[in-house]
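S.K.: Have a look at this one.
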Amino acid sequence: MLPTTHKDNDKITEFCAEVLELENTKLPSEYYYSSLPLCVIDSVFSIGVRYESVKNTVSRFCSYFNLNQGRRGTEILDISEQFSIEEYLSSFESLGLEIFVNDVLKNKQRTSPTNGILKAEAVYLFCKILNKYEVNYLQDVKKIYGNEEFENEIRTIPGQKSGISLVYFYMLAGDDQWIKPDRMITRFLEKVLQRKVKLEEAQSLLDETTKLLKKYYPNITPRLLDYQIWNFERSSN
């Protein structure tokens with residue numbers, strides 16, 4: 001892997017300022033889900049598909065259980081107003097995988113076309129691990145930041161080895177410091193730098209870019225920059 005240079009960071013910063021909407025930009029509604037299970041569903045189902053299908057899956061889940069999908073504002077709801085991870089697990093175990101796939105989520109996607117498990121099952125396994133670490137509400141997620149044991153357990157779920165869903169889960173649950181290092185982000189960076197960019201390089205590149213952009217756009221964060229890049233790449237296709 002080529003070392004990151006100041007020149008790399010300057011190129012990315014200049015290109016971002018030129019092509020992205022960075023003035024008074026805001027995150028979309030999916031970054032303000034009402035409850036933690038919605039963050040898990042979105043993060044697991046979003047890998048390798050068009051985002052519209054993910055939105056539809058989350059919407060069907062909320063409709064089935066008569067839940068509000070988003071918050072009234074950006075503030076996290078009181079736990080009494082949230083659908084907890086424990087409630088999700090109880091519902092899944094009561095209804096069973098088949099009903100969850102066919103009637104609740106109405107989505108039969110798998111984590112991988114070869115030997116992948118149903119994404120609905122992966123969500124359940126993800127929630128089981130969250131519950132093990134006593135993470136039930138949006139307010140609890142800070143308990144697992146930087147917990148290697150937790151993160152390693154998530155990576156043992158079939159289809160979760162790369163950790164992309166995990167990082168995206170953190171972002172959806174409220175952590176501003178992460179980016180989702182998927183093909184949209186690497187494609188953007190490769191376009192700017194005219195070289196291959198590895199997934200593990202993307203976070204540090206955008207961290208440095210955020211620091212440089214903050215001089216001109218004080219509200220920018222890695223998470224917000226990631227969203228703007230993703231939106232730009234989606235619109236370019």
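Chain lettering (A, B, ...) mirrors the order of the structure tokens, residue numbering begins at 1 for each chain separately, and ligand numbering begins at 1 in order of display.
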Which polymer residues have any atom within 9 Å of an atom of A:Leu105, counting only C-alpha atoms, with same-chain residues fewer than 3 positions away left out, as a ChimeraX atom specification?
M.R.: /A:56-61,64,99-102,108,120
S.K.: Excluding A:Leu205 and any residue of its chain fewer than 6 positions from it, enumerate the residues within 9 Å of it, using only C-alpha atoms, and give them as number ranges by chain.
M.R.: A: 4, 8-9, 12, 189
S.K.: One decimal, in Å: what's the spacing between atom CA of A:Asn147 and atom CA of A:Ser84?
M.R.: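 Atom CA of A:Asn147 sits 20.9 Å away from atom CA of A:Ser84.
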S.K.: Interatomic distance between atom CA of A:Leu206 and atom CA of A:Asp42?
M.R.: 22.6 Å
S.K.: Rounded to one decimal, what separation in Å do you get between atom CA of A:Asp207 and atom CA of A:Gly73?
M.R.: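 Answer for the atom CA of A:Asp207 to atom CA of A:Gly73 separation: 26.9 Å.
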S.K.: I'd like the neighbourhood of stretch 79-81 of chain A as a list in words, where a residue qualifies if any of its atoms comes within 12 Å (using only C-alpha atoms), though same-chain residues fewer than 6 positions away should be ignored.
M.R.: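 That gives Tyr33, Ser34, Ser35, Leu36, Leu67, Asn68, Gln69, Gly70, Arg71, Arg72, Val135, Asn136, Tyr137, Leu138, Gln139 and Asp140 of chain A.
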S.K.: Please produce a file of those selected residues containing N, CA and C atoms, as a PDB file, in the first residue's frame.
M.R.:
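Done, and the output landed in again.pdb:
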```
ATOM      1  N   TYR A  33     -32.745   7.210  13.010  1.00  0.00           N
ATOM      2  CA  TYR A  33     -33.738   6.183  13.269  1.00  0.00           C
ATOM      3  C   TYR A  33     -34.246   6.282  14.707  1.00  0.00           C
ATOM      4  N   SER A  34     -35.475   5.815  14.906  1.00  0.00           N
ATOM      5  CA  SER A  34     -36.085   5.881  16.240  1.00  0.00           C
ATOM      6  C   SER A  34     -35.510   4.847  17.197  1.00  0.00           C
ATOM      7  N   SER A  35     -35.043   3.696  16.639  1.00  0.00           N
ATOM      8  CA  SER A  35     -34.646   2.580  17.507  1.00  0.00           C
ATOM      9  C   SER A  35     -33.442   1.837  16.925  1.00  0.00           C
ATOM     10  N   LEU A  36     -32.719   1.172  17.797  1.00  0.00           N
ATOM     11  CA  LEU A  36     -31.474   0.513  17.419  1.00  0.00           C
ATOM     12  C   LEU A  36     -31.632  -0.637  16.414  1.00  0.00           C
ATOM     13  N   LEU A  67     -44.314   0.814  14.042  1.00  0.00           N
ATOM     14  CA  LEU A  67     -43.300   1.650  14.682  1.00  0.00           C
ATOM     15  C   LEU A  67     -43.067   2.929  13.894  1.00  0.00           C
ATOM     16  N   ASN A  68     -42.742   4.000  14.609  1.00  0.00           N
ATOM     17  CA  ASN A  68     -42.250   5.202  13.941  1.00  0.00           C
ATOM     18  C   ASN A  68     -40.831   4.924  13.465  1.00  0.00           C
ATOM     19  N   GLN A  69     -40.558   5.211  12.209  1.00  0.00           N
ATOM     20  CA  GLN A  69     -39.231   4.916  11.663  1.00  0.00           C
ATOM     21  C   GLN A  69     -38.187   5.925  12.128  1.00  0.00           C
ATOM     22  N   GLY A  70     -38.573   7.201  12.152  1.00  0.00           N
ATOM     23  CA  GLY A  70     -37.610   8.244  12.505  1.00  0.00           C
ATOM     24  C   GLY A  70     -37.976   8.954  13.794  1.00  0.00           C
ATOM     25  N   ARG A  71     -37.128   9.888  14.155  1.00  0.00           N
ATOM     26  CA  ARG A  71     -37.368  10.697  15.346  1.00  0.00           C
ATOM     27  C   ARG A  71     -38.082  11.983  14.950  1.00  0.00           C
ATOM     28  N   ARG A  72     -38.579  12.689  15.921  1.00  0.00           N
ATOM     29  CA  ARG A  72     -39.228  13.978  15.643  1.00  0.00           C
ATOM     30  C   ARG A  72     -38.186  15.043  15.295  1.00  0.00           C
ATOM     31  N   VAL A 135     -26.492  -3.993  25.112  1.00  0.00           N
ATOM     32  CA  VAL A 135     -26.777  -2.844  24.253  1.00  0.00           C
ATOM     33  C   VAL A 135     -28.179  -3.050  23.686  1.00  0.00           C
ATOM     34  N   ASN A 136     -29.138  -2.318  24.219  1.00  0.00           N
ATOM     35  CA  ASN A 136     -30.535  -2.480  23.830  1.00  0.00           C
ATOM     36  C   ASN A 136     -31.149  -1.237  23.197  1.00  0.00           C
ATOM     37  N   TYR A 137     -30.605  -0.081  23.543  1.00  0.00           N
ATOM     38  CA  TYR A 137     -31.160   1.182  23.065  1.00  0.00           C
ATOM     39  C   TYR A 137     -30.052   2.019  22.432  1.00  0.00           C
ATOM     40  N   LEU A 138     -30.447   3.045  21.699  1.00  0.00           N
ATOM     41  CA  LEU A 138     -29.463   3.937  21.071  1.00  0.00           C
ATOM     42  C   LEU A 138     -28.506   4.527  22.104  1.00  0.00           C
ATOM     43  N   GLN A 139     -29.018   4.775  23.308  1.00  0.00           N
ATOM     44  CA  GLN A 139     -28.178   5.347  24.370  1.00  0.00           C
ATOM     45  C   GLN A 139     -27.070   4.401  24.819  1.00  0.00           C
ATOM     46  N   ASP A 140     -27.202   3.101  24.519  1.00  0.00           N
ATOM     47  CA  ASP A 140     -26.248   2.097  25.015  1.00  0.00           C
ATOM     48  C   ASP A 140     -25.039   1.881  24.106  1.00  0.00           C
TER      49      ASP A 140
END
```
S.K.: My list of candidates is A:Glu200, A:Glu149, A:Asp226, A:Glu208. Which is closest to A:Ile179 when distances are computed with only C-alpha atoms?
M.R.: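 Closest to A:Ile179 of all the choices is A:Asp226.
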S.K.: Using backbone DSSP assignments, extract all alpha helix (DSSP H) residues from stretch 9-219 of chain A; output them as an NGL selection string.
M.R.: :A and (9-19 or 36-45 or 51-64 or 85-95 or 97-99 or 119-132 or 148-155 or 164-172 or 183-193 or 199-213)
S.K.: May I have the residues within 9 Å of A:Ile47 as a PyMOL selection string, using only C-alpha atoms and disregarding those fewer than 5 positions away in the same chain?
M.R.: chain A and resi 42+111+164-165+182
S.K.: Could you save the residues just selected, with N, CA and C atoms, as a compact mmCIF listing (two decimals), in the first residue's frame?
M.R.:
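out.txt, written as the output of this step:
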```txt
# COMPACT_ATOMS: atom_id res chain seq x y z
N ASP A 42 -30.63 -1.84 8.56
CA ASP A 42 -30.07 -1.01 7.49
C ASP A 42 -28.62 -1.38 7.21
N THR A 111 -26.20 -12.79 2.55
CA THR A 111 -24.98 -12.04 2.80
C THR A 111 -23.94 -12.24 1.70
N ILE A 164 -17.51 -3.82 7.40
CA ILE A 164 -18.15 -2.64 6.80
C ILE A 164 -19.52 -2.40 7.42
N SER A 165 -20.31 -3.46 7.58
CA SER A 165 -21.64 -3.30 8.22
C SER A 165 -21.50 -2.78 9.64
N ASP A 182 -16.84 1.59 1.64
CA ASP A 182 -17.34 0.68 0.61
C ASP A 182 -16.84 1.11 -0.78
```
S.K.: Just the residues within 12 Å of A:Ile144, please, counting only C-alpha atoms, with nothing from its chain fewer than 3 positions along; format it as a list in words.
M.R.: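 The filter keeps Ile129, Leu130, Asn131, Lys132, Tyr133, Glu134, Val135, Asn136, Leu138, Gln139, Asp140, Val141, Asn147, Glu148, Glu149, Phe150, Glu151, Asn152, Glu153, Ile154, Leu166, Val167, Phe169, Tyr170, Ala173 and Asp175 of chain A.
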